[in-house]
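Written out below as structure tokens is the structure these notes cover.
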Amino acid sequence: MIPFLDLKAQYASIREELEAGVLKALASTQYALGSEVAAFEEEFAEFCDAEFAVAMNSGTSALHVALLAAGVGRGDEVITVASTFVATVAAIDYVGARPVFVDVEPGTLNIDTSRIMAAITDRTRAILPVHLHGHPSDMDPIMEIAATHGLRVIEDAAQAHDSEYKGRRVGSIGDLGCFSFYPGKNLGGVGEGGMLVTNSGDYADVARKLRDWGQSAKYHHDVKGFNYRMDGIQGAALRVKLRHLSAWTEARRQNAEIYNQLLTDADVVTPVEEPYARHVYHVYSIRAPERDALRKTLQDNGVQSGIHYPIPVHMQKAYEEFGFAEGDLPITERAAKEQLSLPMFAEVTEAQIQAVCRVIHEQPSAD
């Protein structure tokens, strides 16, 4: 079986270093926040070319706190996409705001910047682009629109660690950026974790309070906050893994190039990488007109695959209250029926990629 993701292979490659870091954190007995988390915050901020980083217990918490720090609240609107994991929209709902969905570009499946202006109302407070699959959204038009209308920009970079837009690391381009360290991410922890990055000291100060019960000092609760602290063990593990991230990114990009070459003549659409982008391939997502049949063929031939995401958020029962329905976002909806993610991780071998591509070439044409 060729796995969709192989975390055991990653663990084996850094086992000694990782275990030493975790044991150090255990010995310190600083299990909630502490020195390892503080050091990871500094290192990750530097990695992202951001001034500040505030560690959280999940990427969802980072999004929630970012929206609150940006002043988004009840009755406000946030422009975003439905082609994303549900957490993007859940965080908007948590603060009492309403998500306003716009459709995506047919190539990258990121927010179609030409549709943003028409979605702005007098209740719009923020734009929340998602860097889907590790490909950055087109940020310059987004920032220009936001500046013109006095809006905040919050980047959902949960899938885009090390991704770049015109040479700038994503997450540090908008007012705030949010990352997830869920184990399967390009930079994944040994459990849950997240990070908020920003170049604003004010936003960072608010975020630090909100993640720790609203405290400015112990038992001094300035605002109503949350228990969103990162564990010390996660900080230690992520510090080790961060040192390997650039090499893992290059391996993913090389693997994507092999896929691109081998699938040139296949009856599928391979991922787009725009000239402004440095794609980090959190997933390698192709599009196939007979997606479900192809997935079954792959499974029958010992190849695991994934679907990101089969039901767009605007069509999910949990969010029907926001008034969107099937047919509202045709590009998003079509992509949801065609996307198929192939095995992609730094340690996947060229022989495994060749085997995957052979199965795809042998699949009967949709014609």
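Just so we're on the same page: first chain in the structure tokens is A, next is B, and so on; residues restart at 1 for each chain, and ligands are numbered from 1 in the order they show up.
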All residues 9 Å or closer to A:Asn199, only C-alpha atoms, same chain fewer than 2 positions away omitted, as a PyMOL selection string: chain A and resi 49-53+172-176+197+201-204
Test item: residues at most 7 Å from A:Tyr284, only C-alpha atoms, excluding those fewer than 2 positions along its chain, as JSON, numbers by chain: {"A": [256, 271, 281, 282, 286, 341, 342, 344]}
Output N, CA and C atoms for every residue in that selection, as a short mmCIF file (atom, residue, chain, number, x, y, z; two decimals), in the first residue's frame.
data_model
loop_
_atom_site.label_atom_id
_atom_site.label_comp_id
_atom_site.auth_asym_id
_atom_site.auth_seq_id
_atom_site.Cartn_x
_atom_site.Cartn_y
_atom_site.Cartn_z
N ALA A 256 6.30 17.14 -6.39
CA ALA A 256 5.24 17.71 -7.22
C ALA A 256 5.69 17.82 -8.67
N PRO A 271 -2.08 20.49 -10.46
CA PRO A 271 -2.15 21.77 -9.75
C PRO A 271 -1.46 22.91 -10.50
N TYR A 281 2.71 22.66 -1.53
CA TYR A 281 2.07 21.35 -1.73
C TYR A 281 1.77 20.63 -0.42
N HIS A 282 0.97 21.29 0.42
CA HIS A 282 0.43 20.59 1.57
C HIS A 282 -0.28 19.32 1.10
N ILE A 286 -5.12 16.86 -7.75
CA ILE A 286 -5.47 16.87 -9.16
C ILE A 286 -6.98 17.03 -9.29
N SER A 341 -6.71 14.21 -3.98
CA SER A 341 -5.35 14.45 -3.48
C SER A 341 -4.56 13.14 -3.50
N LEU A 342 -3.40 13.19 -4.11
CA LEU A 342 -2.53 12.02 -4.26
C LEU A 342 -1.50 11.98 -3.13
N MET A 344 1.39 12.62 -0.94
CA MET A 344 2.35 13.71 -0.96
C MET A 344 2.91 13.93 0.44
#
Who sits within 12 Å of stretch 110-116 of chain A, only C-alpha atoms, same chain under 6 positions skipped, as number ranges by chain: A: 78-84, 100-104, 124, 126-146, 149, 151, 155-157, 272-274, 329, 331-332, 335
For the residues selected in the previous step, produce a file with C-alpha atoms as a PDB file, in the first residue's frame.
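Produced file out_24.pdb, reproduced below:
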ATOM      1  CA  VAL A  78     -16.148  38.700   6.839  1.00  0.00           C
ATOM      2  CA  ILE A  79     -15.473  37.940   3.171  1.00  0.00           C
ATOM      3  CA  THR A  80     -14.002  34.493   2.632  1.00  0.00           C
ATOM      4  CA  VAL A  81     -14.328  31.290   0.598  1.00  0.00           C
ATOM      5  CA  ALA A  82     -16.258  28.051   0.991  1.00  0.00           C
ATOM      6  CA  SER A  83     -13.439  26.004  -0.538  1.00  0.00           C
ATOM      7  CA  THR A  84     -11.722  25.407   2.787  1.00  0.00           C
ATOM      8  CA  VAL A 100     -19.834  36.193   3.085  1.00  0.00           C
ATOM      9  CA  PHE A 101     -18.662  33.659   0.526  1.00  0.00           C
ATOM     10  CA  VAL A 102     -17.221  34.557  -2.858  1.00  0.00           C
ATOM     11  CA  ASP A 103     -16.219  32.081  -5.523  1.00  0.00           C
ATOM     12  CA  VAL A 104     -12.663  31.015  -6.278  1.00  0.00           C
ATOM     13  CA  THR A 124     -17.849  44.243   6.157  1.00  0.00           C
ATOM     14  CA  ALA A 126     -12.386  41.881   7.221  1.00  0.00           C
ATOM     15  CA  ILE A 127     -11.238  39.735   4.315  1.00  0.00           C
ATOM     16  CA  LEU A 128     -10.088  36.230   5.182  1.00  0.00           C
ATOM     17  CA  PRO A 129      -8.254  34.587   2.252  1.00  0.00           C
ATOM     18  CA  VAL A 130      -7.268  30.915   2.492  1.00  0.00           C
ATOM     19  CA  HIS A 131      -3.955  29.769   1.006  1.00  0.00           C
ATOM     20  CA  LEU A 132      -5.469  26.496  -0.165  1.00  0.00           C
ATOM     21  CA  HIS A 133      -3.289  23.396  -0.495  1.00  0.00           C
ATOM     22  CA  GLY A 134      -0.177  25.506   0.148  1.00  0.00           C
ATOM     23  CA  HIS A 135      -0.610  27.901  -2.802  1.00  0.00           C
ATOM     24  CA  PRO A 136      -0.777  31.566  -1.746  1.00  0.00           C
ATOM     25  CA  SER A 137      -3.765  33.694  -2.603  1.00  0.00           C
ATOM     26  CA  ASP A 138      -3.146  36.744  -4.798  1.00  0.00           C
ATOM     27  CA  MET A 139      -2.461  39.109  -1.918  1.00  0.00           C
ATOM     28  CA  ASP A 140      -1.684  42.467  -3.554  1.00  0.00           C
ATOM     29  CA  PRO A 141      -5.240  43.085  -4.851  1.00  0.00           C
ATOM     30  CA  ILE A 142      -6.639  41.930  -1.505  1.00  0.00           C
ATOM     31  CA  MET A 143      -4.435  44.358   0.412  1.00  0.00           C
ATOM     32  CA  GLU A 144      -5.313  47.200  -1.948  1.00  0.00           C
ATOM     33  CA  ILE A 145      -9.054  46.597  -1.561  1.00  0.00           C
ATOM     34  CA  ALA A 146      -8.690  46.360   2.210  1.00  0.00           C
ATOM     35  CA  HIS A 149     -12.233  50.266   2.421  1.00  0.00           C
ATOM     36  CA  LEU A 151     -10.781  46.476   6.251  1.00  0.00           C
ATOM     37  CA  GLU A 155      -4.617  35.115   6.299  1.00  0.00           C
ATOM     38  CA  ASP A 156      -5.632  31.504   6.830  1.00  0.00           C
ATOM     39  CA  ALA A 157      -2.220  29.942   6.274  1.00  0.00           C
ATOM     40  CA  VAL A 272      -1.450  25.316 -10.881  1.00  0.00           C
ATOM     41  CA  GLU A 273       1.510  27.339  -9.623  1.00  0.00           C
ATOM     42  CA  GLU A 274       1.117  31.010 -10.532  1.00  0.00           C
ATOM     43  CA  LEU A 329     -20.550  29.218  -6.049  1.00  0.00           C
ATOM     44  CA  ILE A 331     -16.477  27.000  -9.507  1.00  0.00           C
ATOM     45  CA  THR A 332     -16.168  25.972  -5.873  1.00  0.00           C
ATOM     46  CA  ALA A 335     -14.000  21.608  -7.908  1.00  0.00           C
TER      47      ALA A 335
END
Which of A:Ala318, A:Ala32, A:Leu18, A:Met1 sits closest to A:Leu298 [using only C-alpha atoms]: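 Once distances to A:Leu298 are computed over only C-alpha atoms, the minimum belongs to A:Met1.
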Helix (DSSP H, G or I) call set, DSSP backbone run, stretch 4-159 of chain A, as a VMD selection string: chain A and resid 7 to 28 35 to 47 59 to 69 87 to 94 113 to 119 132 to 134 139 to 149
Counting only C-alpha atoms, the option among A:Phe345, A:Tyr11, A:Phe44, A:Tyr309 closest to A:Thr249: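 Ranked by minimum distance to A:Thr249, first place goes to A:Phe345.
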Neighbour list for A:Arg208 as number ranges by chain, cut-off 12 Å, only C-alpha atoms, skip fewer than 3 positions in-chain: A: 33, 38, 41, 52-56, 61-62, 65-66, 68-69, 195-198, 201-205, 211-217, 221-223, 225-230
Write the residues you've just listed into a file as a CSV table (one decimal), in the first residue's frame, and include N, CA and C atoms for each of them.
chain,number,residue,atom,x,y,z
A,33,LEU,N,2.6,26.6,28.0
A,33,LEU,CA,3.5,27.7,27.6
A,33,LEU,C,4.9,27.4,28.1
A,38,ALA,N,8.0,29.8,24.2
A,38,ALA,CA,8.5,31.2,23.9
A,38,ALA,C,9.6,31.2,22.9
A,41,GLU,N,8.0,30.6,19.5
A,41,GLU,CA,7.4,31.8,19.0
A,41,GLU,C,8.4,32.7,18.3
A,52,PHE,N,6.0,39.4,15.4
A,52,PHE,CA,5.5,38.7,16.6
A,52,PHE,C,4.8,37.4,16.2
A,53,ALA,N,4.9,36.4,17.1
A,53,ALA,CA,4.1,35.2,17.0
A,53,ALA,C,3.6,34.8,18.3
A,54,VAL,N,2.3,34.4,18.3
A,54,VAL,CA,1.7,34.0,19.6
A,54,VAL,C,1.1,32.6,19.4
A,55,ALA,N,1.7,31.7,20.2
A,55,ALA,CA,1.3,30.2,20.1
A,55,ALA,C,0.0,29.9,20.7
A,56,MET,N,-0.7,29.0,20.0
A,56,MET,CA,-2.1,28.6,20.5
A,56,MET,C,-2.1,27.1,20.5
A,61,SER,N,-8.1,28.1,17.0
A,61,SER,CA,-8.0,29.1,18.1
A,61,SER,C,-7.3,30.3,17.6
A,62,ALA,N,-6.3,30.1,16.8
A,62,ALA,CA,-5.5,31.3,16.2
A,62,ALA,C,-6.5,32.1,15.3
A,65,VAL,N,-8.9,34.0,17.7
A,65,VAL,CA,-8.3,35.1,18.4
A,65,VAL,C,-7.9,36.2,17.4
A,66,ALA,N,-7.5,35.9,16.2
A,66,ALA,CA,-7.2,36.9,15.2
A,66,ALA,C,-8.4,37.8,14.9
A,68,LEU,N,-11.0,38.4,16.8
A,68,LEU,CA,-11.3,39.2,17.9
A,68,LEU,C,-10.3,40.3,18.0
A,69,ALA,N,-9.0,40.0,17.8
A,69,ALA,CA,-8.0,41.1,17.9
A,69,ALA,C,-8.2,42.2,16.9
A,195,MET,N,-0.7,28.9,15.6
A,195,MET,CA,0.1,30.1,15.8
A,195,MET,C,-0.5,31.3,15.1
A,196,LEU,N,-0.5,32.4,15.8
A,196,LEU,CA,-0.9,33.7,15.2
A,196,LEU,C,0.3,34.5,15.0
A,197,VAL,N,0.5,35.1,13.8
A,197,VAL,CA,1.7,36.0,13.5
A,197,VAL,C,1.1,37.3,13.1
A,198,THR,N,1.9,38.4,13.4
A,198,THR,CA,1.5,39.7,13.1
A,198,THR,C,2.7,40.6,13.2
A,201,GLY,N,2.3,45.1,17.3
A,201,GLY,CA,2.5,44.8,18.7
A,201,GLY,C,1.2,44.9,19.5
A,202,ASP,N,0.3,45.7,19.1
A,202,ASP,CA,-1.0,45.8,19.7
A,202,ASP,C,-1.8,44.5,19.5
A,203,TYR,N,-1.8,44.0,18.3
A,203,TYR,CA,-2.6,42.8,18.0
A,203,TYR,C,-1.9,41.6,18.8
A,204,ALA,N,-0.6,41.6,18.9
A,204,ALA,CA,0.1,40.5,19.6
A,204,ALA,C,-0.2,40.6,21.1
A,205,ASP,N,-0.3,41.8,21.7
A,205,ASP,CA,-0.6,41.9,23.1
A,205,ASP,C,-2.0,41.4,23.4
A,211,ARG,N,-5.5,34.3,24.7
A,211,ARG,CA,-5.2,32.9,24.7
A,211,ARG,C,-5.0,32.4,26.1
A,212,ASP,N,-4.9,33.3,27.1
A,212,ASP,CA,-4.6,32.9,28.5
A,212,ASP,C,-5.6,33.5,29.5
A,213,TRP,N,-6.9,33.3,29.2
A,213,TRP,CA,-7.9,33.8,30.1
A,213,TRP,C,-8.0,35.3,30.3
A,214,GLY,N,-7.5,36.0,29.3
A,214,GLY,CA,-7.6,37.5,29.3
A,214,GLY,C,-6.6,38.1,30.3
A,215,GLN,N,-5.6,37.4,30.7
A,215,GLN,CA,-4.7,37.9,31.8
A,215,GLN,C,-3.6,38.8,31.3
A,216,SER,N,-3.4,39.9,31.9
A,216,SER,CA,-2.2,40.7,31.7
A,216,SER,C,-1.1,40.3,32.7
A,217,ALA,N,-1.5,39.7,33.8
A,217,ALA,CA,-0.6,39.1,34.8
A,217,ALA,C,-1.4,38.1,35.5
A,221,HIS,N,-7.4,39.7,35.1
A,221,HIS,CA,-8.1,39.4,33.9
A,221,HIS,C,-8.7,40.7,33.3
A,222,ASP,N,-8.0,41.2,32.3
A,222,ASP,CA,-8.3,42.5,31.7
A,222,ASP,C,-9.5,42.3,30.8
A,223,VAL,N,-9.6,41.2,30.1
A,223,VAL,CA,-10.7,41.0,29.1
A,223,VAL,C,-11.1,39.5,29.3
A,225,GLY,N,-11.2,36.0,28.2
A,225,GLY,CA,-10.4,35.3,27.4
A,225,GLY,C,-10.7,33.8,27.3
A,226,PHE,N,-9.7,33.0,26.9
A,226,PHE,CA,-9.9,31.6,26.6
A,226,PHE,C,-8.7,30.8,27.1
A,227,ASN,N,-8.9,29.5,27.2
A,227,ASN,CA,-7.8,28.6,27.5
A,227,ASN,C,-7.2,28.0,26.2
A,228,TYR,N,-6.4,28.8,25.5
A,228,TYR,CA,-5.9,28.5,24.2
A,228,TYR,C,-4.4,28.3,24.2
A,229,ARG,N,-3.8,28.0,25.4
A,229,ARG,CA,-2.4,28.0,25.5
A,229,ARG,C,-1.8,26.7,24.8
A,230,MET,N,-0.6,26.9,24.2
A,230,MET,CA,0.1,25.8,23.7
A,230,MET,C,0.9,25.0,24.8
Which residue of A:Gly167, A:Gly306, A:Pro343, A:Pro289 approaches A:Pro3 most closely, using only C-alpha atoms: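 Nearest candidate to A:Pro3 out of A:Gly167, A:Gly306, A:Pro343, A:Pro289: A:Pro343.
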